[in-house]
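Please read the structure below before turning to the comments.
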Amino acid sequence: MEGIKVLILDFDGTVADTMSYLTDLAAGLLVGRYGMAPEGARRAYVETTGLPFVQQMEILYPGDARNAETVRLFETEKRESMHRFDLFPDVMPVIAAIREGGAKVCVSSGNYEDLILDFMEKRGLEVDLVMGFRPGFEKGRDHFEHAMRRFGSGPEATVFVGDSIKDGERARDCGIAFIGRTGLVAEEAFREAFGQIPVVSALEDLLHILKLAGPAPPAPGEDATNPEEGQRPSG
């Protein structure tokens with residue numbers, strides 16, 4: 001995957017460590033409001049994730065009058081709880097290294113854009129473009145083509161990284177490369193769906209795939225942690 005100009009990252013489960021919470025939240029609503037069995041509710045959410053929740057509900061219960069309130073409850077609770085979550089630990093240094101290597105880094109999400117921008121600003125994460133959901137502009141072809149136009153890239157120089165099967169299907173439908181990130185979905189499931197695509201368990205693995213150097217290691221004799229604070233230096 002040398003020569004990549006635009007790297008597009010999914011948000012939930014790829015950049016932000018939120019999917020365990022969101023799966024529990026959605027499954028609870030499906031059990032409480034629709035009477036689904038707990039395991040079936042979790043499986044239904046996972047199998048449709050990667051889409052905006054409003055679309056997930058229309059797949060699971062097409063035209064059901066309860067869907068609008070279910071979506072409202074889900075989105076309200078998610079918005080009120082986002083402050084509790086954080087980025088995966090390797091996200092900031094990996095994104096910095098990819099940008100320093102010359103590629104543009106974008107975030108594409110089924111969440112509303114203002115929620116993603118607020119989350120990232122409060123955590124100090126900088127990327128080149130953030131794309132969220134609004135009617136007529138959603139994760140998939142809309143986002144991918146917008147990013148490619150913005151940065152003058154073709155499909156052959158664009159790659160999408162996501163943690164769900166739906167993410168991979170959208171990349172495939174748009175003719176761009178896909179890298180699966182395990183966590184929500186096992187490596188074997190990605191292989192079964194898409195063949196021998198690259199699969200990573202952490203974003204730092206992208207540096208090897210993209211043939212980029214990682215963050216510089218500490219100099220000989222220099223401790224990687226701050227001896228006064230017991231933390232890695234922020235710079």
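Identifiers for the structure tokens are assigned positionally: chains receive A, B, ... in sequence, residues are indexed from 1 per chain, and ligands are indexed from 1 in the order shown.
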
Spatial neighbours of stretch 23-32 of chain A, max dist 9 Å, only C-alpha atoms, sep filter under 4 positions, as a list in words: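 Everything that qualifies: Thr18, Met19, Met36, Ala37, Pro38, Glu39, Gly40, Ala41, Arg42, Arg43, Ala44, Tyr45, Val46, Phe53, Thr70, Leu73, Phe74, Glu77 and Lys78 of chain A.
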
For the residues in the current selection, export C-alpha atoms as a tab-separated table (two decimals), in the first residue's frame.
```tsv
chain	number	residue	atom	x	y	z
A	18	THR	CA	-16.74	3.44	22.23
A	19	MET	CA	-18.09	0.24	20.70
A	36	MET	CA	-35.42	-9.33	21.51
A	37	ALA	CA	-33.30	-11.89	23.35
A	38	PRO	CA	-30.09	-10.25	24.69
A	39	GLU	CA	-27.68	-12.27	22.55
A	40	GLY	CA	-29.79	-11.79	19.43
A	41	ALA	CA	-30.00	-8.04	20.11
A	42	ARG	CA	-26.22	-7.72	20.38
A	43	ARG	CA	-25.70	-9.75	17.22
A	44	ALA	CA	-28.26	-7.67	15.32
A	45	TYR	CA	-26.54	-4.43	16.28
A	46	VAL	CA	-23.06	-5.69	15.43
A	53	PHE	CA	-28.39	4.02	13.82
A	70	THR	CA	-35.65	4.31	19.79
A	73	LEU	CA	-33.16	7.58	22.97
A	74	PHE	CA	-30.00	6.09	21.48
A	77	GLU	CA	-27.80	8.85	25.54
A	78	LYS	CA	-24.76	8.64	23.24
```

Residue neighbourhood A:Leu210, 8 Å, only C-alpha atoms, exclusion window fewer than 3 positions, as a PyMOL selection string: chain A and resi 1-2+4+206-207

Selection export as a short mmCIF file (atom, residue, chain, number, x, y, z; two decimals), in the first residue's frame, atoms kept: N, CA and C atoms:
```cif
data_model
loop_
_atom_site.label_atom_id
_atom_site.label_comp_id
_atom_site.auth_asym_id
_atom_site.auth_seq_id
_atom_site.Cartn_x
_atom_site.Cartn_y
_atom_site.Cartn_z
N MET A 1 0.81 -1.21 0.00
CA MET A 1 0.00 0.00 0.00
C MET A 1 0.85 1.26 0.00
N GLU A 2 1.94 1.24 -0.72
CA GLU A 2 2.70 2.47 -0.89
C GLU A 2 1.94 3.41 -1.82
N ILE A 4 -0.24 5.77 -0.93
CA ILE A 4 -1.54 6.20 -0.45
C ILE A 4 -1.51 7.70 -0.17
N LEU A 206 -0.80 0.12 11.08
CA LEU A 206 -0.92 0.77 9.77
C LEU A 206 0.42 1.30 9.27
N LEU A 207 1.30 1.68 10.18
CA LEU A 207 2.57 2.25 9.77
C LEU A 207 3.39 1.25 8.97
#
```

Using only C-alpha atoms: which of A:Leu115, A:Leu129, A:Ile98, A:Ile176 has the shortest distance to A:Arg141: A:Ile176

Skipping near chain neighbours, those fewer than 5 positions away, what residues fall within 12 Å of A:Leu87 using only C-alpha atoms, listed as a compact mmCIF listing (two decimals) with C-alpha atoms, in the first residue's frame?
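Everything below was put into around-v6.txt:
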```
# COMPACT_ATOMS: atom_id res chain seq x y z
CA PHE A 11 -14.62 6.78 14.17
CA ASP A 12 -16.40 4.43 16.63
CA GLY A 13 -14.25 1.39 17.34
CA THR A 14 -11.39 2.55 15.11
CA VAL A 15 -10.39 5.96 16.48
CA ALA A 16 -12.55 6.14 19.63
CA ASP A 17 -12.94 3.32 22.15
CA THR A 18 -16.74 3.44 22.23
CA MET A 19 -18.09 0.24 20.70
CA MET A 82 -19.37 10.74 24.91
CA MET A 92 -2.58 10.44 18.12
CA PRO A 93 1.04 9.39 17.41
CA VAL A 94 -0.01 7.17 14.50
CA ILE A 95 -2.11 9.88 12.85
CA ILE A 116 -17.27 14.17 16.42
CA PHE A 119 -15.02 15.01 20.92
CA MET A 120 -11.82 15.44 18.92
CA GLU A 121 -11.28 19.07 19.92
CA LYS A 122 -11.51 18.24 23.61
CA ARG A 123 -8.88 15.51 23.17
CA GLY A 124 -6.57 17.53 20.97
CA LEU A 125 -6.77 15.25 17.93
CA ALA A 202 -4.23 -1.59 16.48
CA LEU A 203 -3.74 1.53 14.39
```

A:Ala186 surroundings by only C-alpha atoms, 12 Å radius, close-in-sequence under 6 positions cut, as a list in words: Val46, Asp163, Ser164, Ile165, Gly180, Glu192, Ala193, Val199, Val200 and Ser201 of chain A

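Picture a line from atom CA of A:Val105 to atom CA of A:Phe194; it runs 23.4 Å.
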
From A:Val159, A:Ala96, A:Leu117, A:Ala171, residue lying nearest A:Lys5 [only C-alpha atoms]: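 That would be A:Val159, the residue with the smallest distance to A:Lys5.
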
Which residue of A:Asp205, A:Glu126, A:Glu145, A:Glu69 approaches A:Asp90 most closely, using only C-alpha atoms: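 Comparing A:Asp205, A:Glu126, A:Glu145, A:Glu69 against A:Asp90, the winner is A:Asp205.
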
Nearby residues (only C-alpha atoms) at most 12 Å from stretch 149-155 of chain A, same-chain spacing under 3 positions excluded, as a PyMOL selection string: chain A and resi 3-8+102-106+128-131+141-146+158-160+171-178

Who sits within 8 Å of stretch 54-56 of chain A, only C-alpha atoms, same chain under 5 positions skipped, as a PyMOL selection string: chain A and resi 45+48-49+67-68+71

Those same residues - C-alpha atoms - I'd like them written as a short mmCIF file (atom, residue, chain, number, x, y, z; two decimals), in the first residue's frame.
```cif
data_model
loop_
_atom_site.label_atom_id
_atom_site.label_comp_id
_atom_site.auth_asym_id
_atom_site.auth_seq_id
_atom_site.Cartn_x
_atom_site.Cartn_y
_atom_site.Cartn_z
CA TYR A 45 -26.54 -4.43 16.28
CA THR A 48 -25.62 -3.73 11.00
CA THR A 49 -23.14 -1.37 12.63
CA ASN A 67 -38.12 3.27 15.62
CA ALA A 68 -38.15 7.08 15.81
CA VAL A 71 -33.28 6.36 17.64
#
```

DSSP helix (DSSP H, G or I) residues within stretch 140-206 of chain A, listed as a PyMOL selection string: chain A and resi 141-151+155-157+165-174+187-194+205-206
